[in-house]
Every structure is written in structure tokens, then in C-alpha cells.
>>> print(open('entry.cif').read())   # mmCIF, C-alpha atoms and all ligand atoms
data_work
#
loop_
_atom_site.label_atom_id
_atom_site.label_comp_id
_atom_site.auth_asym_id
_atom_site.auth_seq_id
_atom_site.Cartn_x
_atom_site.Cartn_y
_atom_site.Cartn_z
CA MET N 254 0.00 0.00 0.00
CA GLY N 255 2.85 2.37 0.84
CA ASP N 256 4.30 1.78 -2.64
CA LEU N 257 0.99 2.72 -4.16
CA TYR N 258 0.70 5.73 -1.89
CA TYR N 259 4.05 7.10 -2.94
CA GLY N 260 4.08 5.79 -6.50
CA LEU N 261 1.03 7.40 -8.07
CA PRO N 262 0.92 11.18 -7.54
CA SER N 263 2.05 13.28 -10.50
CA VAL N 264 5.06 15.56 -10.10
CA ARG N 265 2.78 18.62 -10.27
CA SER N 266 0.45 17.45 -7.49
CA VAL N 267 3.37 16.53 -5.28
CA MET N 268 5.05 19.93 -5.85
CA PHE N 269 1.80 21.62 -4.87
CA LEU N 270 1.29 19.59 -1.71
CA LEU N 271 4.84 19.13 -0.46
CA PRO N 272 5.59 22.50 1.23
CA PRO N 273 2.51 22.55 3.53
CA LEU N 274 2.73 18.82 4.17
CA TYR N 275 6.42 19.11 5.09
CA TRP N 276 5.67 21.98 7.45
CA PHE N 277 2.79 20.14 9.15
CA ARG N 278 4.88 17.00 9.44
CA ARG N 279 7.71 18.90 11.11
CA GLU N 280 5.34 20.36 13.71
CA ALA N 281 3.83 16.95 14.42
CA ALA N 282 7.25 15.27 14.66
CA ASN N 283 8.52 17.94 17.08
CA LEU N 284 5.62 17.44 19.47
CA LEU N 285 5.83 13.63 19.32
CA LEU N 286 9.56 13.79 19.94
CA GLN N 287 9.36 16.23 22.88
CA THR N 288 6.74 14.00 24.50
CA LEU N 289 8.75 10.82 23.89
CA ILE N 290 11.83 12.43 25.42
CA ARG N 291 9.79 13.22 28.56
CA ILE N 292 8.58 9.61 28.80
CA ASN N 293 12.06 8.23 27.97
CA PRO N 294 10.86 4.70 27.07
CA LYS N 295 13.22 1.77 26.61
CA ARG N 296 11.22 -0.11 23.94
CA ILE N 297 9.42 1.84 21.22
CA LEU N 298 7.28 0.64 18.33
CA GLU N 299 6.83 3.09 15.46
CA VAL N 300 3.99 2.29 13.05
CA GLY N 301 4.15 3.43 9.41
CA PHE N 302 7.53 5.18 9.34
CA SER N 303 7.58 5.70 5.54
CA ASP N 304 10.75 7.75 4.83
CA ALA N 305 11.84 7.53 8.49
CA PHE N 306 11.40 11.29 8.99
CA LEU N 307 10.36 10.75 12.62
CA THR N 308 12.42 7.58 13.16
CA ARG N 309 15.71 9.39 12.49
CA ARG N 310 14.84 12.03 15.05
CA ILE N 311 13.82 9.49 17.70
CA SER N 312 16.95 7.45 17.08
CA LEU N 313 19.17 10.50 17.61
CA ALA N 314 17.26 11.93 20.58
CA LEU N 315 16.96 8.61 22.45
CA PRO N 316 20.14 6.64 21.72
CA GLY N 317 19.52 4.37 24.73
CA SER N 318 16.11 3.22 23.48
CA SER N 319 15.52 0.32 21.17
CA ILE N 320 13.10 1.08 18.35
CA VAL N 321 11.18 -1.34 16.14
CA ALA N 322 9.78 0.50 13.12
CA ILE N 323 7.22 -1.26 10.92
CA ASP N 324 5.72 -0.39 7.57
CA THR N 325 3.76 -2.41 5.03
CA SER N 326 5.89 -0.92 2.23
CA ALA N 327 8.86 -3.15 1.41
CA SER N 328 10.59 -0.35 -0.52
CA SER N 329 10.34 2.01 2.48
CA VAL N 330 11.99 -0.66 4.62
CA GLU N 331 14.79 -1.18 2.09
CA ARG N 332 15.50 2.56 1.93
CA ALA N 333 15.33 2.97 5.71
CA LYS N 334 17.73 0.08 6.35
CA ALA N 335 20.33 1.91 4.28
CA LEU N 336 20.30 4.71 6.89
CA ARG N 337 21.95 2.26 9.32
CA LEU N 338 20.39 3.76 12.43
CA PRO N 339 22.12 1.87 15.26
CA ASN N 340 19.15 1.46 17.62
CA VAL N 341 16.39 0.84 15.04
CA THR N 342 15.11 -2.42 13.54
CA PHE N 343 13.09 -1.81 10.38
CA LEU N 344 10.55 -4.50 9.47
CA VAL N 345 7.96 -5.04 6.76
CA ASP N 346 4.87 -5.71 8.84
CA ASP N 347 1.22 -4.79 9.15
CA PHE N 348 0.24 -3.07 12.38
CA PHE N 349 -2.80 -5.32 12.76
CA GLU N 350 -0.65 -8.46 12.46
CA HIS N 351 2.27 -7.24 14.55
CA ARG N 352 3.15 -9.06 17.77
CA GLY N 353 5.30 -7.66 20.57
CA ARG N 354 5.41 -5.80 23.87
CA TYR N 355 6.67 -2.23 24.05
CA ASP N 356 6.70 0.67 26.48
CA VAL N 357 5.30 3.10 23.91
CA VAL N 358 3.73 2.92 20.45
CA VAL N 359 4.30 6.06 18.39
CA SER N 360 2.84 6.89 15.01
CA MET N 361 2.61 10.04 12.93
CA HIS N 362 -0.28 10.58 10.50
CA VAL N 363 -0.92 6.85 10.01
CA PHE N 364 -3.85 6.05 12.28
CA VAL N 365 -6.01 8.32 10.11
CA LEU N 366 -5.90 5.41 7.64
CA PHE N 367 -7.34 2.91 10.13
CA ASP N 368 -10.74 2.13 11.53
CA HIS N 369 -10.37 3.81 14.93
CA PHE N 370 -12.18 1.12 16.94
CA LYS N 371 -10.09 -1.72 15.45
CA ALA N 372 -6.85 0.24 15.89
CA LEU N 373 -7.52 1.08 19.55
CA ASP N 374 -8.37 -2.54 20.21
CA LYS N 375 -5.05 -3.64 18.69
CA LEU N 376 -3.06 -0.98 20.58
CA ARG N 377 -4.20 -2.43 23.90
CA GLU N 378 -2.10 -5.57 23.41
CA LEU N 379 1.10 -3.78 22.33
CA ALA N 380 1.93 -1.23 25.05
CA PRO N 381 0.53 0.75 27.99
CA ILE N 382 1.22 4.17 26.38
CA HIS N 383 0.57 5.44 22.86
CA LEU N 384 1.37 8.68 21.05
CA LEU N 385 -0.55 9.21 17.83
CA THR N 386 -1.36 12.10 15.56
CA LEU N 387 -4.77 12.42 13.93
CA THR N 388 -6.67 15.08 12.01
CA GLY N 389 -10.05 16.71 12.54
CA ARG N 390 -12.36 18.35 10.04
CA SER N 391 -11.16 21.49 8.17
CA PRO N 392 -11.27 22.72 4.55
CA PHE N 393 -7.71 21.43 4.17
CA THR N 394 -8.41 17.93 5.49
CA ILE N 395 -11.61 17.61 3.46
CA LEU N 396 -9.63 18.50 0.32
CA HIS N 397 -6.78 16.22 1.30
CA ARG N 398 -9.20 13.34 1.96
CA SER N 399 -10.70 13.66 -1.55
CA PHE N 400 -7.23 13.89 -3.09
CA HIS N 401 -6.03 10.86 -1.12
CA ARG N 402 -9.10 8.80 -2.05
CA PHE N 403 -8.69 9.76 -5.72
CA MET N 404 -4.98 8.88 -5.80
CA THR N 405 -5.01 5.71 -3.68
CA GLY N 406 -8.62 4.54 -3.27
CA ILE N 407 -8.03 4.64 0.49
CA ASP N 408 -10.16 6.67 2.89
CA VAL N 409 -8.70 9.05 5.45
CA HIS N 410 -10.68 8.75 8.68
CA ILE N 411 -10.94 12.35 9.82
CA VAL N 412 -12.05 12.40 13.46
CA GLU N 413 -12.80 15.26 15.82
CA PRO N 414 -10.64 15.20 18.98
CA GLN N 415 -13.61 14.97 21.34
CA THR N 416 -15.13 12.08 19.37
CA TYR N 417 -11.83 10.22 19.49
CA ARG N 418 -11.48 10.92 23.19
CA ALA N 419 -14.94 9.52 23.92
CA LEU N 420 -14.21 6.34 21.94
CA ALA N 421 -10.78 5.80 23.53
CA GLU N 422 -12.16 6.38 27.04
CA ARG N 423 -14.91 3.83 26.42
CA MET N 424 -12.20 1.40 25.37
CA GLY N 425 -10.25 1.77 28.60
CA PHE N 426 -7.74 4.56 27.98
CA ASN N 427 -7.02 7.81 29.76
CA VAL N 428 -6.72 10.44 27.04
CA LEU N 429 -4.82 13.70 26.71
CA LEU N 430 -5.18 15.85 23.58
CA TYR N 431 -2.69 18.42 22.23
CA ASN N 432 -3.33 20.69 19.25
CA ILE N 433 -0.65 20.71 16.57
CA ASN N 434 -1.81 22.78 13.61
CA SER N 435 -5.08 24.59 13.03
CA ILE N 436 -5.01 24.43 9.20
CA GLU N 437 -4.82 20.66 8.97
CA ARG N 438 -6.59 20.40 12.37
CA SER N 439 -3.92 17.99 13.48
CA TYR N 440 -3.61 16.95 17.09
CA MET N 441 -1.61 14.53 19.16
CA VAL N 442 -3.31 11.96 21.37
CA LEU N 443 -1.57 10.55 24.42
CA LEU N 444 -3.30 7.34 25.41
CA GLN N 445 -2.62 5.53 28.64
CA LYS N 446 -4.25 2.28 29.66
CA LYS N 447 -6.53 2.79 32.67
CA VAL N 448 -5.34 0.88 35.69
CA PRO N 449 -8.19 -1.10 37.30
CA PRO N 450 -8.96 0.17 40.85
C1 LIG Y 1 0.62 8.82 5.44
S1 LIG Y 1 2.07 7.85 5.47
C2 LIG Y 1 2.78 8.52 6.96
C3 LIG Y 1 4.22 8.28 7.01
C4 LIG Y 1 5.04 8.91 8.13
N1 LIG Y 1 4.63 8.46 9.44
C5 LIG Y 1 5.01 10.40 8.05
O1 LIG Y 1 4.26 11.04 8.78
O2 LIG Y 1 5.72 10.94 7.23
C6 LIG Y 1 1.45 6.29 5.96
C7 LIG Y 1 2.50 5.17 6.07
O3 LIG Y 1 1.92 4.11 6.82
C8 LIG Y 1 2.18 2.87 6.17
N2 LIG Y 1 1.07 1.96 6.53
C9 LIG Y 1 -0.20 2.01 6.10
N3 LIG Y 1 -0.94 1.03 6.63
C10 LIG Y 1 -0.10 0.35 7.48
C11 LIG Y 1 -0.26 -0.77 8.34
N4 LIG Y 1 -1.45 -1.40 8.46
N5 LIG Y 1 0.80 -1.20 9.06
C12 LIG Y 1 2.00 -0.57 8.95
N6 LIG Y 1 2.22 0.49 8.13
C13 LIG Y 1 1.18 0.95 7.41
C14 LIG Y 1 2.25 3.22 4.69
O4 LIG Y 1 2.99 2.27 3.97
C15 LIG Y 1 2.92 4.59 4.72
O5 LIG Y 1 4.31 4.47 4.67
#
>>> encode(input="entry.cif", output="C-alpha cells", more="lines below")
Ligand SMILES: C[S@@+](CC[C@H](N)C(=O)[O-])C[C@H]1O[C@@H](n2cnc3c(N)ncnc32)[C@H](O)[C@@H]1O
Amino acid sequence: MGDLYYGLPSVRSVMFLLPPLYWFRREAANLLLQTLIRINPKRILEVGFSDAFLTRRISLALPGSSIVAIDTSASSVERAKALRLPNVTFLVDDFFEHRGRYDVVVSMHVFVLFDHFKALDKLRELAPIHLLTLTGRSPFTILHRSFHRFMTGIDVHIVEPQTYRALAERMGFNVLLYNINSIERSYMVLLQKKVPP
């Protein structure tokens, strides 16, 4: 799927979208990274690393952590392995099939591709803490969703922060929300498994 995602767009459409997308991605990566540094986990799973934009930053900022980074795109994994990041293992794997135990799962702009109920259910078995970025409804995200569906046939699941919070709380997580960017209505979610009383 990742190959398809990155293979199809024309040069013109990519040139048009790249500057804002790069800017948004940088903001999202900075917030995820600052939060990860505060948590200082030993074992991290990153889901959908693509060009390893975030992975490289985590690897540098947390040299004592061990990071498993998965993506369904074999070509992304090949390219990422060439970076030779010392504390990162890159694997071709599907999040929903992945097995393992981690301290934190981190993922930037990937969970918008998943059914939120199914994804939260899967997260429960992987780690006690999760850091994800999602997007709410705005003119930009509505346009981006149509563009994405046209280019890939895949839906982006835009979700309002309060709707996501209500779902995650019902599924046994404590939830903190942090705004990232008001144009793409992006926000970070910090999920923590509720401890039974
Ligand atoms: C929108 S890109 C985001 C990439 C990167 N995190 C970033 O923000 O630049 C989505 C990535 O998730 C990967 N992906 C999609 N579904 C996945 C799944 N079920 N398991 C693992 N990776 C997946 C795709 O191959 C693609 O590389």
C-alpha cells in the first residue's frame, strides 16, 4: 500500500502539496519527539515510518532506546535500512498483524488510515502508552481526503478530537489531547491504559 501511496501522484500534485505537508509534518514530529523524550521509554514501536522522517529524530534523541519500526511498504523498509540507524530495527509488517510488547507505540499521520475502533483494540495488546497524531475536520483535510481517495482509493478517517477521546475512554484509555496545527486540524493523542482500581 505504501508503494501505491508514494508511487502514483504526479510531479505537479506533489510539488503543490509538499511544502505545507512538510511543514505540518515537522510540527507533528517535534511534538511527538518532545513527548517521547519526557517519557524516555526503553522499547518503542513506530507504526508506518515511511521515509523515516520521525524515526531518524527518535533514534538520535533517544540513543539508549531500542526502536522497532514497521511499515507495510517493502521499498520504504529497504530505503530505511540503508540509513543504518544503530538502535532501530526496520521491518515489513502490518500493524494489525504485529506481535510484541513495548513501552510506547508512536505513530505520525498513520492512524487516520485505520478504523479507529479496530486500531484502539489492537493498541491495547502492544503497550501501555501510545502517542498518535490524527486530524479533525477542516477545509484542508476535506480536500486532502478527496485527493487521497482519488490517488489511492483509500479513505482518510478524519475524526474530531472529542469524538476520538470519547471512543478511547470507552475502550479503557485515559486520554490527553494536544493541538498541533489549526489548518490541517492535526492533534496529538496521548493514550494511557486505565489501571483497574
Ligand atoms: C501517510 S504515510 C505517513 C508516514 C510517516 N509516518 C510520516 O508522517 O511521514 C502512511 C505510512 O503508513 C504505512 N502503513 C499504512 N498502513 C499500514 C499498516 N497497516 N501497518 C504498517 N504500516 C502501514 C504506509 O505504507 C505509509 O508508509
>>> axis_aligned_box(input="entry.cif", around="ligand LIG 1 (chain Y)", padding_each_side="6 Å", output="JSON")
{"center_x": 2.1, "center_y": 4.8, "center_z": 6.7, "size_x": 19.2, "size_y": 24.4, "size_z": 17.5}
>>> residues_near_ligand(input="entry.cif", ligand="ligand LIG 1 (chain Y)", cutoff="6 Å", atoms="all atoms listed in the file", output="ChimeraX atom specification")
/N:254-255,300-303,306,323-326,346-349,361-363
>>> closest_residue(input="entry.cif", among="N:Ala380, N:Ala282, N:Met404, N:Val448", to="N:Arg310", atoms="only C-alpha atoms")
N:Ala282
>>> closest_residue(input="entry.cif", among="N:Ile433, N:Ile382, N:Ala281, N:Ala305", to="N:Asp356", atoms="all atoms listed in the file")
N:Ile382
>>> residues_around(input="entry.cif", residues="N:Ile292", least_positions_apart="3", cutoff="10 Å", atoms="all atoms listed in the file", output="tab-separated table (two decimals) with C-alpha atoms, keeping the file's coordinate frame")
chain	number	residue	atom	x	y	z
N	286	LEU	CA	9.56	13.79	19.94
N	287	GLN	CA	9.36	16.23	22.88
N	288	THR	CA	6.74	14.00	24.50
N	289	LEU	CA	8.75	10.82	23.89
N	295	LYS	CA	13.22	1.77	26.61
N	356	ASP	CA	6.70	0.67	26.48
N	357	VAL	CA	5.30	3.10	23.91
N	382	ILE	CA	1.22	4.17	26.38
>>> atom_distance(input="entry.cif", atom1="atom CA of N:Glu331", atom2="atom CA of N:Ile297")
20.1 Å
>>> closest_atom_pairs(input="entry.cif", of="stretch 294-407 of chain N", to="stretch 434-440 of chain N", cutoff="7 Å", atoms="all atoms listed in the file", output="JSON lines")
{"residue": "N:Thr386", "atom": "CA", "partner": "N:Tyr440", "partner_atom": "CA", "distance": 5.6}
{"residue": "N:Leu387", "atom": "CA", "partner": "N:Tyr440", "partner_atom": "CA", "distance": 5.6}
{"residue": "N:Thr388", "atom": "CA", "partner": "N:Ser439", "partner_atom": "CA", "distance": 4.3}
{"residue": "N:Gly389", "atom": "CA", "partner": "N:Arg438", "partner_atom": "CA", "distance": 5.1}
{"residue": "N:Arg390", "atom": "CA", "partner": "N:Arg438", "partner_atom": "CA", "distance": 6.6}
{"residue": "N:Ser391", "atom": "CA", "partner": "N:Arg438", "partner_atom": "CA", "distance": 6.3}
{"residue": "N:Phe393", "atom": "CA", "partner": "N:Glu437", "partner_atom": "CA", "distance": 5.7}
{"residue": "N:Thr394", "atom": "CA", "partner": "N:Glu437", "partner_atom": "CA", "distance": 5.7}
>>> residues_around(input="entry.cif", residues="N:Leu430", least_positions_apart="2", cutoff="7 Å", atoms="all atoms listed in the file", output="list in words")
Val428, Asn432, Tyr440, Met441, Val442 and Leu443 of chain N
>>> atom_distance(input="entry.cif", atom1="atom CA of N:Ser312", atom2="atom CA of N:Pro339")
7.8 Å
>>> atom_distance(input="entry.cif", atom1="atom CA of N:Asn283", atom2="atom CA of N:Ala314")
11.2 Å
>>> residues_around(input="entry.cif", residues="N:Val359", least_positions_apart="2", cutoff="6 Å", atoms="all atoms listed in the file", output="ChimeraX atom specification")
/N:299,383-385
>>> residues_around(input="entry.cif", residues="stretch 420-423 of chain N", least_positions_apart="5", cutoff="12 Å", atoms="only C-alpha atoms", output="ChimeraX atom specification")
/N:368-374,376-377,383,412-415,428-430,442-447
>>> residues_around(input="entry.cif", residues="N:His410", least_positions_apart="5", cutoff="7 Å", atoms="all atoms listed in the file", output="VMD selection string")
chain N and resid 365 to 367
>>> closest_residue(input="entry.cif", among="N:Asn427, N:Ser329, N:Ala322, N:Leu379", to="N:Gly353", atoms="only C-alpha atoms")
N:Leu379
>>> build_atoms(input="entry.cif", residues="stretch 324-335 of chain N", atoms="all heavy atoms", output="mmCIF file, keeping the file's coordinate frame")
data_model
loop_
_atom_site.group_PDB
_atom_site.id
_atom_site.type_symbol
_atom_site.label_atom_id
_atom_site.label_comp_id
_atom_site.auth_asym_id
_atom_site.auth_seq_id
_atom_site.Cartn_x
_atom_site.Cartn_y
_atom_site.Cartn_z
ATOM 1 N N ASP N 324 6.470 -1.003 8.658
ATOM 2 C CA ASP N 324 5.720 -0.390 7.570
ATOM 3 C C ASP N 324 5.339 -1.517 6.606
ATOM 4 O O ASP N 324 6.094 -2.477 6.446
ATOM 5 C CB ASP N 324 6.564 0.667 6.840
ATOM 6 C CG ASP N 324 5.707 1.678 6.082
ATOM 7 O OD1 ASP N 324 5.037 1.264 5.105
ATOM 8 O OD2 ASP N 324 5.691 2.859 6.459
ATOM 9 N N THR N 325 4.184 -1.383 5.985
ATOM 10 C CA THR N 325 3.760 -2.410 5.030
ATOM 11 C C THR N 325 4.497 -2.273 3.692
ATOM 12 O O THR N 325 4.414 -3.153 2.841
ATOM 13 C CB THR N 325 2.242 -2.333 4.771
ATOM 14 O OG1 THR N 325 1.891 -0.961 4.630
ATOM 15 C CG2 THR N 325 1.445 -2.945 5.910
ATOM 16 N N SER N 326 5.197 -1.160 3.504
ATOM 17 C CA SER N 326 5.890 -0.920 2.230
ATOM 18 C C SER N 326 7.310 -1.483 2.273
ATOM 19 O O SER N 326 8.169 -0.990 3.016
ATOM 20 C CB SER N 326 5.940 0.590 1.969
ATOM 21 O OG SER N 326 6.938 0.874 1.030
ATOM 22 N N ALA N 327 7.540 -2.518 1.439
ATOM 23 C CA ALA N 327 8.860 -3.150 1.410
ATOM 24 C C ALA N 327 9.929 -2.165 0.924
ATOM 25 O O ALA N 327 11.065 -2.176 1.418
ATOM 26 C CB ALA N 327 8.824 -4.380 0.503
ATOM 27 N N SER N 328 9.575 -1.281 -0.008
ATOM 28 C CA SER N 328 10.590 -0.350 -0.520
ATOM 29 C C SER N 328 10.974 0.682 0.542
ATOM 30 O O SER N 328 12.132 1.097 0.631
ATOM 31 C CB SER N 328 10.119 0.326 -1.809
ATOM 32 O OG SER N 328 8.913 0.999 -1.574
ATOM 33 N N SER N 329 10.007 1.085 1.376
ATOM 34 C CA SER N 329 10.340 2.010 2.480
ATOM 35 C C SER N 329 11.328 1.338 3.430
ATOM 36 O O SER N 329 12.272 1.974 3.910
ATOM 37 C CB SER N 329 9.089 2.386 3.272
ATOM 38 O OG SER N 329 8.231 3.169 2.497
ATOM 39 N N VAL N 330 11.101 0.057 3.694
ATOM 40 C CA VAL N 330 11.990 -0.660 4.620
ATOM 41 C C VAL N 330 13.386 -0.767 4.023
ATOM 42 O O VAL N 330 14.387 -0.520 4.714
ATOM 43 C CB VAL N 330 11.403 -2.051 4.974
ATOM 44 C CG1 VAL N 330 12.392 -2.879 5.767
ATOM 45 C CG2 VAL N 330 10.103 -1.887 5.756
ATOM 46 N N GLU N 331 13.473 -1.081 2.742
ATOM 47 C CA GLU N 331 14.790 -1.180 2.090
ATOM 48 C C GLU N 331 15.541 0.145 2.204
ATOM 49 O O GLU N 331 16.711 0.184 2.566
ATOM 50 C CB GLU N 331 14.635 -1.556 0.616
ATOM 51 C CG GLU N 331 14.419 -3.042 0.391
ATOM 52 C CD GLU N 331 15.310 -3.906 1.285
ATOM 53 O OE1 GLU N 331 16.539 -3.763 1.196
ATOM 54 O OE2 GLU N 331 14.773 -4.681 2.107
ATOM 55 N N ARG N 332 14.839 1.249 1.886
ATOM 56 C CA ARG N 332 15.500 2.560 1.930
ATOM 57 C C ARG N 332 15.921 2.913 3.366
ATOM 58 O O ARG N 332 16.998 3.427 3.590
ATOM 59 C CB ARG N 332 14.553 3.652 1.399
ATOM 60 C CG ARG N 332 14.507 3.733 -0.127
ATOM 61 C CD ARG N 332 13.858 5.036 -0.572
ATOM 62 N NE ARG N 332 12.493 5.145 -0.084
ATOM 63 C CZ ARG N 332 11.426 4.691 -0.735
ATOM 64 N NH1 ARG N 332 11.570 4.095 -1.905
ATOM 65 N NH2 ARG N 332 10.214 4.824 -0.237
ATOM 66 N N ALA N 333 15.040 2.604 4.310
ATOM 67 C CA ALA N 333 15.330 2.970 5.710
ATOM 68 C C ALA N 333 16.517 2.176 6.257
ATOM 69 O O ALA N 333 17.337 2.717 7.005
ATOM 70 C CB ALA N 333 14.091 2.748 6.563
ATOM 71 N N LYS N 334 16.615 0.906 5.847
ATOM 72 C CA LYS N 334 17.730 0.080 6.350
ATOM 73 C C LYS N 334 19.070 0.676 5.941
ATOM 74 O O LYS N 334 20.052 0.584 6.669
ATOM 75 C CB LYS N 334 17.607 -1.346 5.807
ATOM 76 C CG LYS N 334 16.628 -2.196 6.600
ATOM 77 C CD LYS N 334 16.591 -3.600 6.056
ATOM 78 C CE LYS N 334 15.702 -4.482 6.921
ATOM 79 N NZ LYS N 334 15.427 -5.782 6.289
ATOM 80 N N ALA N 335 19.088 1.321 4.776
ATOM 81 C CA ALA N 335 20.330 1.910 4.280
ATOM 82 C C ALA N 335 20.798 3.076 5.162
ATOM 83 O O ALA N 335 21.955 3.474 5.098
ATOM 84 C CB ALA N 335 20.138 2.381 2.840
#
